[in-house]
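Reviewing the structure listed below.
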Amino acid sequence: MASEIDLSQFWCWNEERPDYGKQNHGNIVIKQRYGKDNRALLKCRTCKDYFSETRGTVFFGLDTPREEVLRTLAIIPEKGSIRGVARATEHDKDTISKWLEIAGTHCEEVEVLPFSAIFLYFQ
C-alpha cells in the first residue's frame, strides 16, 4: 500500500453515527500502520471506531498483496482455467477460487448500487 493515502475517500462505517457514509468530513485519521503491506488502520474521530483501509474492498481480510491478487485474477481469461493460473502463479487453486468468488461478489454488490439510485431517482 502507498505510504500516503487520500483520507477524503474514506467514511465512517458505523451506521448508527451521523458521519456514516459521508466522505471528506475530516473525521477519518490514520491511527497506525500494520501488516506486511503497511496497511492503514483508520479511526473515526466522531465515534472512535477503527477499521482497515481495505474494508469494503475486494482486498479486505486477504494477506496477499493487492498487486499479486490483481495480477493473478487478470491472468484467468488468458489461461482459461483456474488450474492453469495456479500452475503459472504458484498459488493454490483453492486460493485463486476464493479470490475470484470474493471479486465476483464484490462486483455484484457494487454494480447494484448505481442502478438502485437511478431507479429511485426516476420513481
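By order of appearance in the C-alpha cells: chains A, B, ..., then residues from 1 within every chain, and ligands from 1 in the order shown.
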Identify all residues of chain A in strand (DSSP E or B) (DSSP on the backbone) and supply them as a ChimeraX atom specification.
/A:12,20,28-34,39-44,50-52
With a cut-off of 9 Å, could you pull out the residues of segment 25-110 of chain A touching segment 2-18 of chain A and give me the nearest pair of atoms for each, distance in Å to one decimal, using only C-alpha atoms, ordered by chain and ascending number, as a tab-separated table?
```
residue	atom	partner	partner_atom	distance
A:His25	CA	A:Ser8	CA	7.2
A:Gly26	CA	A:Ser8	CA	7.1
A:Asn27	CA	A:Trp11	CA	8.0
A:Ile28	CA	A:Leu7	CA	6.4
A:Val29	CA	A:Leu7	CA	7.0
A:Ile30	CA	A:Leu7	CA	8.2
A:Asp37	CA	A:Ala2	CA	8.8
A:Asn38	CA	A:Ser3	CA	7.8
A:Arg39	CA	A:Ala2	CA	8.3
A:Ala40	CA	A:Ile5	CA	8.5
A:Leu42	CA	A:Phe10	CA	8.9
A:Lys43	CA	A:Cys12	CA	8.3
A:Cys44	CA	A:Cys12	CA	5.9
A:Thr46	CA	A:Arg17	CA	7.9
A:Cys47	CA	A:Arg17	CA	6.8
A:Asp49	CA	A:Asn14	CA	7.5
A:Tyr50	CA	A:Cys12	CA	8.9
A:Phe51	CA	A:Trp13	CA	7.9
A:Glu53	CA	A:Phe10	CA	7.9
A:Arg55	CA	A:Trp13	CA	8.9
```
Prev. selection, C-alpha atoms, output as a PDB file, in the first residue's frame:
```pdb
ATOM      1  CA  HIS A  25     -15.701  15.278   6.603  1.00  0.00           C
ATOM      2  CA  GLY A  26     -12.271  15.378   8.238  1.00  0.00           C
ATOM      3  CA  ASN A  27     -13.277  12.783  10.814  1.00  0.00           C
ATOM      4  CA  ILE A  28     -11.078   9.939   9.479  1.00  0.00           C
ATOM      5  CA  VAL A  29      -7.458   9.753  10.639  1.00  0.00           C
ATOM      6  CA  ILE A  30      -4.696   7.159  10.438  1.00  0.00           C
ATOM      7  CA  ASP A  37       1.698  -4.361   3.260  1.00  0.00           C
ATOM      8  CA  ASN A  38       1.862  -1.494   5.758  1.00  0.00           C
ATOM      9  CA  ARG A  39      -1.912  -1.035   5.613  1.00  0.00           C
ATOM     10  CA  ALA A  40      -3.538   1.826   7.459  1.00  0.00           C
ATOM     11  CA  LEU A  42      -8.143   4.196  10.291  1.00  0.00           C
ATOM     12  CA  LYS A  43     -10.113   5.805  13.101  1.00  0.00           C
ATOM     13  CA  CYS A  44     -13.300   7.836  13.014  1.00  0.00           C
ATOM     14  CA  THR A  46     -16.684  11.049  15.777  1.00  0.00           C
ATOM     15  CA  CYS A  47     -17.497   7.541  17.037  1.00  0.00           C
ATOM     16  CA  ASP A  49     -14.389   3.136  15.782  1.00  0.00           C
ATOM     17  CA  TYR A  50     -11.423   1.612  13.943  1.00  0.00           C
ATOM     18  CA  PHE A  51     -11.381  -0.011  10.507  1.00  0.00           C
ATOM     19  CA  GLU A  53      -8.284   0.926   4.754  1.00  0.00           C
ATOM     20  CA  ARG A  55     -12.730  -2.501   4.415  1.00  0.00           C
TER      21      ARG A  55
END
```
Do you know which residues are at most 7 Å from segment 73-87 of chain A counting only C-alpha atoms, after dropping those on the same chain fewer than 6 positions away, and could you put them as a PDB file with N, CA and C atoms, in the first residue's frame?
```
ATOM      1  N   LYS A  93      -4.981 -23.520  -6.204  1.00  0.00           N
ATOM      2  CA  LYS A  93      -6.206 -23.319  -6.982  1.00  0.00           C
ATOM      3  C   LYS A  93      -7.379 -22.916  -6.090  1.00  0.00           C
ATOM      4  N   ILE A  96      -7.051 -19.166  -5.400  1.00  0.00           N
ATOM      5  CA  ILE A  96      -7.482 -18.389  -6.571  1.00  0.00           C
ATOM      6  C   ILE A  96      -9.002 -18.419  -6.694  1.00  0.00           C
ATOM      7  N   LEU A 100     -11.469 -15.189  -6.641  1.00  0.00           N
ATOM      8  CA  LEU A 100     -12.421 -14.982  -7.728  1.00  0.00           C
ATOM      9  C   LEU A 100     -13.842 -14.845  -7.180  1.00  0.00           C
TER      10      LEU A 100
END
```
Using Å and a single decimal, report how far atom CA of Asn24 of chain A sits from atom CA of Gly104 of chain A.
28.3 Å
Can you measure atom CA of Lys22 of chain A to atom CA of Leu62 of chain A for me? One decimal in Å is fine.
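Between these atoms lies a distance of 25.6 Å.
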Suppose you want the space between atom CA of Gly61 of chain A and atom CA of Trp99 of chain A; what is it in Å?
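Computing the Euclidean distance for atom CA of Gly61 of chain A and atom CA of Trp99 of chain A yields 10.9 Å.
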From the options A:Arg33, A:Thr89, A:Leu41, A:Val69, which residue's atoms come nearest to Thr54 of chain A, counting only C-alpha atoms?
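The answer is A:Leu41, which sits nearest to Thr54 of chain A.
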Sel. of helix (DSSP H, G or I) residues, segment 45-104 of chain A, as a ChimeraX atom specification:
/A:66-79,82-89,93-104
